[in-house]
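Before any comments, here is the structure.
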Amino acid sequence: MEEDKLHEECGVFGIFLKTARTKKADLDGEEGYIAYSTEEFNAATQAYYALCSLQHRGQDSAGIAVSDGGGLTVHKDMGTAAEVFTAEHLSALQGHIACAHVRYATAGSTSIENAQPMVQNSRLGGIAVAHNGQLVNYEQLREMLEENGSTFASSSDTEVIVKLIAKSYKKGLERALTDTIQMIKGSFALVVMTEKCLIGARDPNGIRPLCLGKVEDGWILASESCAIDAVNGTFVRDIQPGEIVIINEDGVLSFEFGERTSKRTCIFEYVYFARPDSVIDGIPVTEARLKMGACLARECAVPADVVVGVPDSGLGAAQGYALQARIPYAMGIIKNKYIGRTFIAPTQKERENLVFVKLNAVRSVVEGKRVVVIDDSIVRGTTSRRLVQILRRAGAKEVHFRISSPPVKFPCYFGINTPTRGELISNQHTEKEICEEIGADSLAFISAEGMMEACRDCNPQGYGFCKGCFTGEYPMSVPGELHGRRCNDGC
């Protein structure tokens with residue numbers, strides 16, 4: 001059994017540190033400048049701290065590529081950032097530019113070949129690419145490249161992006177990027193590094209997040225603002241949909257690569273994926289979750305004695321529900337933070353019972369009480385069913401489930417590892433049937449409009465959202481052959 005959650009595919013990070021310069025006279029007596037780099041300018045260390053802060057976006061592999069101005073060096077491996085990098089690794093990655101990545105792999109694609117950043121070296125220079133998202137025209141582009149002589153070492157659509165950029169590199173960096181980005185279709189937040197500069201790009205719909213930050217001696221690109229905070233940086237702004245930024249010694253150059261379309265940020269960033277301390281497209285994640293919980297209480301309140309949230313992403317909505325409903329909030333469910341997704345459970349029954357190892361109820365909080373449980377989503381229903389059992393075992397008198405997102409009925413084709421339609425419990429069953437299946441006394445989901453309104457309330461400008469996993473309506477057409485299969489690699 002796979003973990004009963006949707007998974008965001010990746011986190012990306014890039015940092016450009018200006019090299020220190022000291023004045024030196026040449027042999028002819030003319031003054032010039034010579035650049036030098038010291039430990040103080042080791043971008044890899046900063047990238048490592050950032051990856052640790054983005055670890056929630058992927059735990060299967062991690063990698064950092066650096067440039068010292070004359071060439072690229074990369075280290076990547078399977079595992080979390082703390083497992084992949086030692087002090088010796090970081091010391092060996094000398095350079096003032098870094099491109100970094102953490103990855104969550106879909107079924108069947110966990111391999112070092114798919115780990116990022118992906119690096120391509122040629123006589124024109126090296127390129128490293130870190131990608132969050134998914135290309136819906138990946139297969140056509142790969143076939144075209146193969147017909148023109150390209151060979152592939154991975155099953156990742158990121159390698160297609162690397163090869164497309166390299167193919168046009170002789171036209172100049174800006175043209176190569178523009179040509180590539182106009183060819184790829186789907187969702188993407190890209191961090192691209194060359195020997196001399198750092199580049200960020202976001203798809204025309206802005207489905208996947210990307211933001212710009214500033215440090216004292218340089219600039220940052222990151223999937224979430226929490227990564228900027230992790231390196232003591234200052235958030236500047238979000239990269240806009242359809243925007244490319246090029247960062248070098250002269251600063252930040254921005255331009256649009258195509259016709260701007262309506263913003264369609266993935267709404268699951270606010271429901272579940274993003275860290276609570278992040279701000280994405282002007283919307284504070286914690287505030288959005290509090291408002292979703294309050295909306296739940298207005299739409300489907302139930303008499304109860306205590307409100308508890310499912311750690312970690314259900315906690316914000318639980319607090320919002322409790323405040324709106326005027327019911328006490330308590331930490332009634334405890335998560336074992338030392339049990340990861342790779343925890344060994346050899347048999348099917350043991351895998352199903354893994355929830356009992358990961359989560360436990362606080363008896364003194366729930367015993368003899370009517371309990372409202374707030375979670376962010378129901379995917380297969382296995383976690384919810386086990387949670388009801390855990391709460392009843394701890395003496396809960398009633399267990400009422402409330403979900404801060406609508407029923408997930410459709411797959412995602414833009415960078416989320418979504419089960420097939422047949423595995424999505426809400427695609428196959430009614431709300432009443434799901435309630436019976438998980439054994440709760442009642443079950444209710446937030447409405448789609450209520451969820452979106454909670455996000456809009458956090459930012460007066462208002463934004464559009466991608467909500468295809470709830471409605472089956474996507475911000476762009478999806479090739480027919482994608483339907484019914486999982487995403488190729490997600491990143």
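Ligands are numbered from 1 in the order shown, residues from 1 within each chain, and chains are lettered A, B, ... in the order they appear in the structure tokens.
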If we count only C-alpha atoms and set the cut-off at 10 Å, which residues sit around Ile425 (chain A), ignoring sequence neighbours fewer than 4 positions away in its own chain? Please answer as a count of residues only. 16
Using only C-alpha atoms, find each residue in region 139-224 of chain A having at least one atom no more than 12 Å away from region 231-253 of chain A; report its shortest atom-to-atom pair and that distance in Å (one decimal), rows by chain then rising number, as JSON lines.
```
{"residue": "A:Leu173", "atom": "CA", "partner": "A:Ile246", "partner_atom": "CA", "distance": 9.6}
{"residue": "A:Glu174", "atom": "CA", "partner": "A:Ile246", "partner_atom": "CA", "distance": 8.5}
{"residue": "A:Arg175", "atom": "CA", "partner": "A:Ile244", "partner_atom": "CA", "distance": 11.5}
{"residue": "A:Ala176", "atom": "CA", "partner": "A:Ile244", "partner_atom": "CA", "distance": 12.0}
{"residue": "A:Leu177", "atom": "CA", "partner": "A:Ile244", "partner_atom": "CA", "distance": 8.5}
{"residue": "A:Thr178", "atom": "CA", "partner": "A:Ile244", "partner_atom": "CA", "distance": 8.5}
{"residue": "A:Thr180", "atom": "CA", "partner": "A:Ile244", "partner_atom": "CA", "distance": 11.8}
{"residue": "A:Ile181", "atom": "CA", "partner": "A:Gly242", "partner_atom": "CA", "distance": 9.1}
{"residue": "A:Gln182", "atom": "CA", "partner": "A:Gly242", "partner_atom": "CA", "distance": 9.8}
{"residue": "A:Lys185", "atom": "CA", "partner": "A:Gly242", "partner_atom": "CA", "distance": 11.8}
{"residue": "A:Gly186", "atom": "CA", "partner": "A:Gly242", "partner_atom": "CA", "distance": 11.9}
{"residue": "A:Ser187", "atom": "CA", "partner": "A:Pro241", "partner_atom": "CA", "distance": 10.3}
{"residue": "A:Phe188", "atom": "CA", "partner": "A:Pro241", "partner_atom": "CA", "distance": 9.9}
{"residue": "A:Ala189", "atom": "CA", "partner": "A:Ile239", "partner_atom": "CA", "distance": 9.3}
{"residue": "A:Leu190", "atom": "CA", "partner": "A:Ile244", "partner_atom": "CA", "distance": 9.3}
{"residue": "A:Val191", "atom": "CA", "partner": "A:Val245", "partner_atom": "CA", "distance": 9.7}
{"residue": "A:Val192", "atom": "CA", "partner": "A:Ile246", "partner_atom": "CA", "distance": 9.3}
{"residue": "A:Met193", "atom": "CA", "partner": "A:Ile247", "partner_atom": "CA", "distance": 9.6}
{"residue": "A:Thr194", "atom": "CA", "partner": "A:Asn248", "partner_atom": "CA", "distance": 10.2}
{"residue": "A:Glu195", "atom": "CA", "partner": "A:Asn248", "partner_atom": "CA", "distance": 10.3}
{"residue": "A:Lys196", "atom": "CA", "partner": "A:Asn248", "partner_atom": "CA", "distance": 6.8}
{"residue": "A:Cys197", "atom": "CA", "partner": "A:Asn248", "partner_atom": "CA", "distance": 4.8}
{"residue": "A:Leu198", "atom": "CA", "partner": "A:Ile247", "partner_atom": "CA", "distance": 5.1}
{"residue": "A:Ile199", "atom": "CA", "partner": "A:Ile246", "partner_atom": "CA", "distance": 4.5}
{"residue": "A:Gly200", "atom": "CA", "partner": "A:Val245", "partner_atom": "CA", "distance": 5.2}
{"residue": "A:Ala201", "atom": "CA", "partner": "A:Ile244", "partner_atom": "CA", "distance": 4.4}
{"residue": "A:Arg202", "atom": "CA", "partner": "A:Pro241", "partner_atom": "CA", "distance": 5.4}
{"residue": "A:Asp203", "atom": "CA", "partner": "A:Gly242", "partner_atom": "CA", "distance": 5.2}
{"residue": "A:Pro204", "atom": "CA", "partner": "A:Gly242", "partner_atom": "CA", "distance": 3.9}
{"residue": "A:Asn205", "atom": "CA", "partner": "A:Pro241", "partner_atom": "CA", "distance": 5.5}
{"residue": "A:Gly206", "atom": "CA", "partner": "A:Pro241", "partner_atom": "CA", "distance": 4.4}
{"residue": "A:Ile207", "atom": "CA", "partner": "A:Pro241", "partner_atom": "CA", "distance": 8.1}
{"residue": "A:Arg208", "atom": "CA", "partner": "A:Pro241", "partner_atom": "CA", "distance": 9.3}
{"residue": "A:Pro209", "atom": "CA", "partner": "A:Asp238", "partner_atom": "CA", "distance": 7.9}
{"residue": "A:Leu210", "atom": "CA", "partner": "A:Ile239", "partner_atom": "CA", "distance": 5.6}
{"residue": "A:Cys211", "atom": "CA", "partner": "A:Asp238", "partner_atom": "CA", "distance": 4.0}
{"residue": "A:Leu212", "atom": "CA", "partner": "A:Arg237", "partner_atom": "CA", "distance": 5.4}
{"residue": "A:Gly213", "atom": "CA", "partner": "A:Phe235", "partner_atom": "CA", "distance": 4.4}
{"residue": "A:Lys214", "atom": "CA", "partner": "A:Thr234", "partner_atom": "CA", "distance": 5.1}
{"residue": "A:Val215", "atom": "CA", "partner": "A:Gly233", "partner_atom": "CA", "distance": 4.6}
{"residue": "A:Glu216", "atom": "CA", "partner": "A:Gly233", "partner_atom": "CA", "distance": 7.7}
{"residue": "A:Asp217", "atom": "CA", "partner": "A:Gly233", "partner_atom": "CA", "distance": 10.0}
{"residue": "A:Gly218", "atom": "CA", "partner": "A:Gly251", "partner_atom": "CA", "distance": 8.3}
{"residue": "A:Trp219", "atom": "CA", "partner": "A:Ile247", "partner_atom": "CA", "distance": 7.4}
{"residue": "A:Ile220", "atom": "CA", "partner": "A:Gly233", "partner_atom": "CA", "distance": 8.0}
{"residue": "A:Leu221", "atom": "CA", "partner": "A:Ile239", "partner_atom": "CA", "distance": 8.8}
{"residue": "A:Ala222", "atom": "CA", "partner": "A:Asp238", "partner_atom": "CA", "distance": 9.5}
{"residue": "A:Ser223", "atom": "CA", "partner": "A:Asp238", "partner_atom": "CA", "distance": 9.6}
{"residue": "A:Glu224", "atom": "CA", "partner": "A:Asp238", "partner_atom": "CA", "distance": 9.3}
```
Those of region 180-377 of chain A in DSSP helix (DSSP H, G or I), formatted as a ChimeraX atom specification: /A:180-183,225-230,268-273,285-300,315-325,348-352,354-358,363-366
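Counting only C-alpha atoms and comparing A:Phe414, A:Tyr321, A:Phe152, A:Phe268, the residue that lies closest to Phe470 (chain A) is A:Phe268.
Separating CA of Val302 (chain A) from CA of Val388 (chain A) is a distance of 16.7 Å.
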Need the shell around region 71-76 of chain A: protein/DNA/RNA residues with any atom at most 8 Å away, counting only C-alpha atoms. Skip same-chain ones fewer than 5 positions apart. Format as a VMD selection string? chain A and resid 61 to 66 84 89 93 112 115 to 117 119 125 to 128 194 to 195
Write the residues of the preceding selection, restricted to N, CA and C atoms, as an mmCIF file, in the first residue's frame.
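The resulting file, again-v5.cif, is shown below:
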```cif
data_model
loop_
_atom_site.group_PDB
_atom_site.id
_atom_site.type_symbol
_atom_site.label_atom_id
_atom_site.label_comp_id
_atom_site.auth_asym_id
_atom_site.auth_seq_id
_atom_site.Cartn_x
_atom_site.Cartn_y
_atom_site.Cartn_z
ATOM 1 N N SER A 61 15.091 11.742 -3.513
ATOM 2 C CA SER A 61 16.446 12.063 -3.957
ATOM 3 C C SER A 61 16.702 13.545 -3.738
ATOM 4 N N ALA A 62 17.989 13.890 -3.692
ATOM 5 C CA ALA A 62 18.387 15.277 -3.514
ATOM 6 C C ALA A 62 19.666 15.515 -4.294
ATOM 7 N N GLY A 63 19.851 16.738 -4.776
ATOM 8 C CA GLY A 63 21.058 17.042 -5.537
ATOM 9 C C GLY A 63 21.369 18.517 -5.561
ATOM 10 N N ILE A 64 22.656 18.819 -5.690
ATOM 11 C CA ILE A 64 23.122 20.206 -5.820
ATOM 12 C C ILE A 64 24.180 20.244 -6.918
ATOM 13 N N ALA A 65 24.035 21.180 -7.849
ATOM 14 C CA ALA A 65 25.066 21.463 -8.845
ATOM 15 C C ALA A 65 25.578 22.871 -8.592
ATOM 16 N N VAL A 66 26.882 23.072 -8.764
ATOM 17 C CA VAL A 66 27.469 24.395 -8.536
ATOM 18 C C VAL A 66 28.336 24.800 -9.719
ATOM 19 N N VAL A 84 22.024 12.520 1.805
ATOM 20 C CA VAL A 84 22.812 12.613 0.571
ATOM 21 C C VAL A 84 24.101 13.403 0.774
ATOM 22 N N HIS A 89 31.101 16.487 1.179
ATOM 23 C CA HIS A 89 30.447 16.734 -0.118
ATOM 24 C C HIS A 89 30.290 18.227 -0.357
ATOM 25 N N LEU A 93 31.946 20.968 -3.257
ATOM 26 C CA LEU A 93 31.113 21.678 -4.224
ATOM 27 C C LEU A 93 31.407 23.175 -4.147
ATOM 28 N N ILE A 112 18.526 6.618 -9.501
ATOM 29 C CA ILE A 112 19.509 7.696 -9.528
ATOM 30 C C ILE A 112 19.513 8.396 -10.883
ATOM 31 N N ALA A 115 17.340 11.383 -10.711
ATOM 32 C CA ALA A 115 17.635 12.395 -9.703
ATOM 33 C C ALA A 115 18.103 13.683 -10.386
ATOM 34 N N GLN A 116 17.841 14.805 -9.746
ATOM 35 C CA GLN A 116 18.190 16.106 -10.298
ATOM 36 C C GLN A 116 19.071 16.875 -9.316
ATOM 37 N N PRO A 117 19.702 17.966 -9.793
ATOM 38 C CA PRO A 117 19.634 18.592 -11.112
ATOM 39 C C PRO A 117 20.252 17.708 -12.189
ATOM 40 N N VAL A 119 22.496 17.587 -15.548
ATOM 41 C CA VAL A 119 23.588 18.399 -16.086
ATOM 42 C C VAL A 119 23.945 17.945 -17.487
ATOM 43 N N GLY A 125 29.527 25.004 -23.247
ATOM 44 C CA GLY A 125 29.403 25.239 -21.813
ATOM 45 C C GLY A 125 28.451 24.263 -21.168
ATOM 46 N N GLY A 126 28.411 24.278 -19.833
ATOM 47 C CA GLY A 126 27.556 23.370 -19.085
ATOM 48 C C GLY A 126 26.226 24.004 -18.722
ATOM 49 N N ILE A 127 25.205 23.143 -18.580
ATOM 50 C CA ILE A 127 23.864 23.561 -18.172
ATOM 51 C C ILE A 127 23.376 22.590 -17.107
ATOM 52 N N ALA A 128 22.792 23.101 -16.026
ATOM 53 C CA ALA A 128 22.134 22.282 -15.010
ATOM 54 C C ALA A 128 20.688 22.736 -14.903
ATOM 55 N N THR A 194 23.903 28.085 -15.664
ATOM 56 C CA THR A 194 25.020 27.947 -16.585
ATOM 57 C C THR A 194 26.286 28.268 -15.793
ATOM 58 N N GLU A 195 27.416 28.316 -16.476
ATOM 59 C CA GLU A 195 28.655 28.616 -15.774
ATOM 60 C C GLU A 195 28.703 30.051 -15.256
#
```
Region 359-469 of chain A: residues DSSP assigns to strand (DSSP E or B), reported as a PDB file with C-alpha atoms, in the first residue's frame:
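Contents of part_24.pdb, freshly written:
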```pdb
ATOM      1  CA  LEU A 359      -0.271   8.255  14.370  1.00  0.00           C
ATOM      2  CA  ASN A 360      -1.753   7.825  17.835  1.00  0.00           C
ATOM      3  CA  ALA A 361      -4.570   9.452  19.803  1.00  0.00           C
ATOM      4  CA  GLU A 367     -11.962   9.801  25.828  1.00  0.00           C
ATOM      5  CA  ARG A 370     -17.623  13.801  20.596  1.00  0.00           C
ATOM      6  CA  VAL A 371     -14.602  14.456  18.376  1.00  0.00           C
ATOM      7  CA  VAL A 372     -14.397  16.434  15.128  1.00  0.00           C
ATOM      8  CA  VAL A 373     -11.352  15.330  13.115  1.00  0.00           C
ATOM      9  CA  ILE A 374     -10.059  17.752  10.463  1.00  0.00           C
ATOM     10  CA  ASP A 375      -7.897  16.412   7.629  1.00  0.00           C
ATOM     11  CA  ALA A 396     -13.887   8.673  21.620  1.00  0.00           C
ATOM     12  CA  GLU A 398     -18.290   9.962  18.415  1.00  0.00           C
ATOM     13  CA  VAL A 399     -15.921  10.590  15.480  1.00  0.00           C
ATOM     14  CA  HIS A 400     -16.946  13.178  12.877  1.00  0.00           C
ATOM     15  CA  PHE A 401     -14.635  13.667   9.881  1.00  0.00           C
ATOM     16  CA  ARG A 402     -14.401  17.055   8.166  1.00  0.00           C
ATOM     17  CA  ILE A 403     -12.164  17.563   5.099  1.00  0.00           C
ATOM     18  CA  ILE A 416       1.197  15.643  -8.480  1.00  0.00           C
ATOM     19  CA  ASN A 417       1.469  11.904  -7.978  1.00  0.00           C
ATOM     20  CA  SER A 442     -20.439  11.638   9.919  1.00  0.00           C
ATOM     21  CA  LEU A 443     -18.352  12.959   7.030  1.00  0.00           C
ATOM     22  CA  ALA A 444     -18.395  16.227   5.104  1.00  0.00           C
ATOM     23  CA  PHE A 445     -16.129  18.006   2.614  1.00  0.00           C
ATOM     24  CA  PHE A 465      -6.617  28.273  -9.259  1.00  0.00           C
ATOM     25  CA  CYS A 466      -6.097  24.920 -10.915  1.00  0.00           C
TER      26      CYS A 466
END
```
CA of Cys469 (chain A) to CA of Ile446 (chain A): how many Å, to one decimal?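 Answer for the CA of Cys469 (chain A) to CA of Ile446 (chain A) separation: 14.4 Å.
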